[in-house]
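Data from work-v2.csv: CSV, C-alpha atoms
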```
chain,number,residue,atom,x,y,z
A,94,MET,CA,18.8,-16.6,4.3
A,95,GLU,CA,21.2,-18.0,1.8
A,96,GLU,CA,20.8,-21.8,1.6
A,97,SER,CA,24.3,-22.4,0.2
A,98,SER,CA,26.3,-21.0,3.1
A,99,THR,CA,23.8,-21.3,6.0
A,100,PRO,CA,24.0,-24.5,8.0
A,101,ALA,CA,20.7,-26.2,8.9
A,102,LEU,CA,19.0,-25.3,12.2
A,103,ASP,CA,19.6,-27.9,14.9
A,104,ARG,CA,17.0,-28.7,17.7
A,105,ILE,CA,18.5,-26.1,20.0
A,106,ASP,CA,18.3,-23.4,17.4
A,107,VAL,CA,14.7,-24.3,16.8
A,108,LYS,CA,13.9,-24.2,20.5
A,109,ILE,CA,15.5,-20.8,20.7
A,110,LEU,CA,13.4,-19.5,17.8
A,111,ARG,CA,10.2,-20.9,19.1
A,112,ALA,CA,10.8,-19.5,22.6
A,113,LEU,CA,11.6,-16.1,21.3
A,114,GLN,CA,8.7,-16.1,18.9
A,115,SER,CA,6.3,-16.7,21.7
A,116,GLU,CA,8.0,-14.5,24.3
A,117,GLY,CA,10.4,-12.0,22.8
A,118,ARG,CA,11.2,-10.3,26.1
A,119,LEU,CA,13.0,-13.3,27.6
A,120,THR,CA,16.4,-12.5,29.0
A,121,ASN,CA,19.4,-14.5,27.8
A,122,THR,CA,19.5,-16.3,31.1
A,123,GLU,CA,15.8,-17.2,31.0
A,124,LEU,CA,16.1,-18.4,27.4
A,125,ALA,CA,19.2,-20.5,28.2
A,126,ILE,CA,17.3,-22.2,31.0
A,127,ARG,CA,14.3,-22.9,28.7
A,128,VAL,CA,16.4,-24.5,26.0
A,129,ASN,CA,18.8,-26.2,28.4
A,130,VAL,CA,22.1,-24.7,27.5
A,131,SER,CA,24.6,-22.4,29.2
A,132,ALA,CA,24.0,-18.6,29.0
A,133,ALA,CA,27.2,-18.2,27.0
A,134,THR,CA,26.2,-20.9,24.5
A,135,CYS,CA,22.7,-19.3,24.2
A,136,HIS,CA,24.2,-15.9,23.6
A,137,ARG,CA,26.6,-17.2,20.9
A,138,ARG,CA,23.7,-19.0,19.2
A,139,MET,CA,21.5,-15.9,19.4
A,140,GLN,CA,24.2,-13.8,17.8
A,141,ARG,CA,24.6,-16.4,15.0
A,142,LEU,CA,20.8,-16.5,14.4
A,143,PHE,CA,20.8,-12.8,14.0
A,144,GLU,CA,23.9,-12.7,11.8
A,145,GLU,CA,22.6,-15.5,9.5
A,146,GLY,CA,19.2,-13.7,9.1
A,147,TYR,CA,17.0,-16.2,11.0
A,148,ILE,CA,16.0,-13.5,13.4
A,149,THR,CA,15.4,-10.2,11.7
A,150,GLY,CA,14.4,-8.1,14.6
A,151,VAL,CA,12.7,-7.9,18.0
A,152,ARG,CA,9.8,-5.5,18.7
A,153,ALA,CA,6.7,-4.9,20.8
A,154,GLU,CA,3.2,-5.8,19.7
A,155,ILE,CA,1.1,-2.7,20.2
A,156,ALA,CA,-2.7,-2.8,20.6
A,157,PRO,CA,-3.9,-0.8,17.5
A,158,ALA,CA,-7.1,0.5,19.1
A,159,ALA,CA,-5.2,1.7,22.2
A,160,VAL,CA,-3.2,4.1,20.0
A,161,GLY,CA,-6.1,5.3,18.0
A,162,LEU,CA,-5.7,3.0,15.0
A,163,GLY,CA,-8.7,0.7,15.4
A,164,ALA,CA,-9.7,0.3,11.7
A,165,LEU,CA,-8.0,-2.4,9.6
A,166,VAL,CA,-8.4,-2.1,5.9
A,167,MET,CA,-7.3,-4.4,3.1
A,168,VAL,CA,-6.9,-2.8,-0.3
A,169,GLY,CA,-6.5,-4.6,-3.6
A,170,VAL,CA,-4.6,-2.5,-6.1
A,171,VAL,CA,-4.6,-3.0,-9.9
A,172,LEU,CA,-1.8,-1.2,-11.8
A,173,ASP,CA,-2.3,0.2,-15.3
A,174,ARG,CA,0.8,-1.7,-16.6
A,175,SER,CA,2.4,-5.0,-15.7
A,176,THR,CA,6.1,-4.0,-16.2
A,177,PRO,CA,9.1,-4.3,-13.9
A,178,GLU,CA,9.4,-0.5,-14.0
A,179,SER,CA,5.7,0.1,-13.0
A,180,PHE,CA,6.0,-2.5,-10.2
A,181,ALA,CA,9.2,-0.9,-8.9
A,182,ALA,CA,7.7,2.6,-8.9
A,183,PHE,CA,4.6,1.5,-7.1
A,184,GLU,CA,6.6,-0.4,-4.5
A,185,GLU,CA,9.0,2.4,-3.9
A,186,ALA,CA,6.1,4.8,-3.2
A,187,ALA,CA,3.9,2.4,-1.2
A,188,VAL,CA,6.6,1.5,1.3
A,189,LYS,CA,6.8,5.2,2.2
A,190,LEU,CA,3.2,5.4,3.5
A,191,LYS,CA,3.3,4.9,7.2
A,192,GLU,CA,-0.3,3.6,7.2
A,193,VAL,CA,0.6,0.7,5.0
A,194,LEU,CA,1.6,-2.2,7.3
A,195,ASP,CA,2.1,-4.8,4.5
A,196,CYS,CA,2.4,-4.5,0.8
A,197,ASN,CA,2.4,-7.8,-1.2
A,198,LEU,CA,2.6,-8.5,-4.9
A,199,VAL,CA,-0.1,-11.2,-5.5
A,200,ALA,CA,-1.5,-13.4,-8.2
A,201,GLY,CA,-5.2,-13.1,-9.0
A,202,ASP,CA,-7.6,-10.2,-9.4
A,203,PHE,CA,-5.1,-7.6,-8.0
A,204,ASP,CA,-1.5,-6.8,-8.6
A,205,TYR,CA,-1.0,-5.8,-4.9
A,206,LEU,CA,-2.7,-6.4,-1.6
A,207,LEU,CA,-2.1,-3.7,1.0
A,208,LYS,CA,-2.8,-4.0,4.7
A,209,ILE,CA,-3.6,-0.6,6.2
A,210,ARG,CA,-4.2,0.7,9.7
A,211,VAL,CA,-6.1,4.0,10.2
A,212,ARG,CA,-8.3,5.6,12.9
A,213,ASP,CA,-11.6,5.2,11.2
A,214,MET,CA,-13.5,5.3,7.8
A,215,ALA,CA,-13.1,9.0,7.5
A,216,ASP,CA,-9.3,8.7,8.1
A,217,PHE,CA,-9.2,6.0,5.3
A,218,ASN,CA,-11.3,8.1,3.0
A,219,LYS,CA,-8.7,10.9,3.3
A,220,LEU,CA,-5.8,8.5,2.8
A,221,HIS,CA,-7.5,7.0,-0.2
A,222,GLY,CA,-8.3,10.3,-1.8
A,223,GLN,CA,-5.0,12.0,-1.2
A,224,LYS,CA,-2.4,9.2,-1.3
A,225,LEU,CA,-3.5,5.8,-2.4
A,226,ILE,CA,-5.0,6.7,-5.8
A,227,ALA,CA,-2.1,9.0,-6.4
A,228,LEU,CA,0.5,6.2,-6.1
A,229,PRO,CA,2.4,5.5,-9.4
A,230,GLY,CA,0.5,3.4,-11.9
A,231,VAL,CA,-2.7,2.9,-9.9
A,232,ARG,CA,-5.6,2.1,-12.2
A,233,GLN,CA,-8.1,0.7,-9.7
A,234,THR,CA,-8.4,-0.1,-6.0
A,235,ARG,CA,-10.9,-2.4,-4.2
A,236,THR,CA,-11.3,-1.7,-0.5
A,237,PHE,CA,-12.3,-4.2,2.2
A,238,PHE,CA,-12.9,-3.0,5.8
A,239,VAL,CA,-12.1,-5.7,8.3
A,240,MET,CA,-15.2,-6.2,10.5
A,241,LYS,CA,-13.5,-8.6,12.9
A,242,GLU,CA,-9.9,-9.8,13.2
A,243,VAL,CA,-10.4,-13.5,13.8
A,244,LYS,CA,-6.7,-14.4,13.9
A,245,GLU,CA,-3.8,-12.0,14.0
A,246,ASP,CA,-0.8,-14.1,14.8
A,247,ALA,CA,2.6,-13.2,13.2
A,248,ARG,CA,4.2,-16.4,14.5
A,249,LEU,CA,5.6,-18.8,12.0
A,250,PRO,CA,4.2,-22.4,12.2
A,251,PHE,CA,7.3,-24.4,12.8
```

Entire entry expressed as structure tokens:
Amino acid sequence: MEESSTPALDRIDVKILRALQSEGRLTNTELAIRVNVSAATCHRRMQRLFEEGYITGVRAEIAPAAVGLGALVMVGVVLDRSTPESFAAFEEAAVKLKEVLDCNLVAGDFDYLLKIRVRDMADFNKLHGQKLIALPGVRQTRTFFVMKEVKEDARLPF
């Protein structure tokens, strides 16, 4: 979103975003009723929200265990150098790993924090030994197996 050319969201836009964030499968008609506008107005606003980058996509939330990916692992990665080139090389390679759900450059003890989904500990061990430690510039990794997902909510608090 570019602040300079993007108008502020009004209360109808915010209602649309909140409704879609909680129920992404609403039809245009259902959404229009919820936010109290015509279907045509709702459709135009939705198109604008997509075009201006407020909505970046719509997708289903899949239960990880149901598809055999019950293990959630957080991995802290320390690179051997802190240069723009080493960060770029690591990022380019990390985003290609399908098991990596999130890759974030962080401040603190690590350079990156990865969120990874795998079948089980043996599956992670294979991923770690064959792919993670072979990523460009990796000097050290620290692995944290998630024992319980207390809150997994991708909704923005607005």

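Taking CA of Arg152 (chain A) and CA of Gly117 (chain A) as endpoints, the distance between them is 7.7 Å.
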
Task: Surrounding residues of Ser175 (chain A) excluding itself and chain neighbours under 6 positions, 12 Å, all atoms listed in the file, as a list in words - done: Ala181, Ala182, Phe183, Leu198, Ala200, Phe203, Asp204, Tyr205, Gly230, Val231 and Arg232 of chain A

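CA of Ala159 (chain A) lies 18.2 Å from CA of Val193 (chain A).
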
Open item on the list: List as a PyMOL selection string the protein and nucleic acid residues near Met139 (chain A), meaning an atom at most 8 Å away when all atoms listed in the file are counted, but skip any in the same chain fewer than 4 places from it.
Closed with: chain A and resi 109+135+143

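Going from CA of Glu192 (chain A) over to CA of His221 (chain A), you cover 10.9 Å.
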
- [ ] Rank nothing, just name the residue among A:Pro229, A:Val170, A:Asp216, A:Arg127 nearest to Gly201 (chain A), using all atoms listed in the file.
- [x] A:Val170

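Near Gln233 (chain A), within a cut-off of 10 Å and counting all atoms listed in the file, sit the residues A:Gly169, A:Val170, A:Val171, A:Leu172, A:Asp173, A:Phe203, A:Ile226, with same-chain residues fewer than 5 positions away left out.
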
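Across A:His136, A:Lys108, A:Leu162, A:Val239, the tightest approach to Asn121 (chain A) is made by A:His136 when counting all atoms listed in the file.
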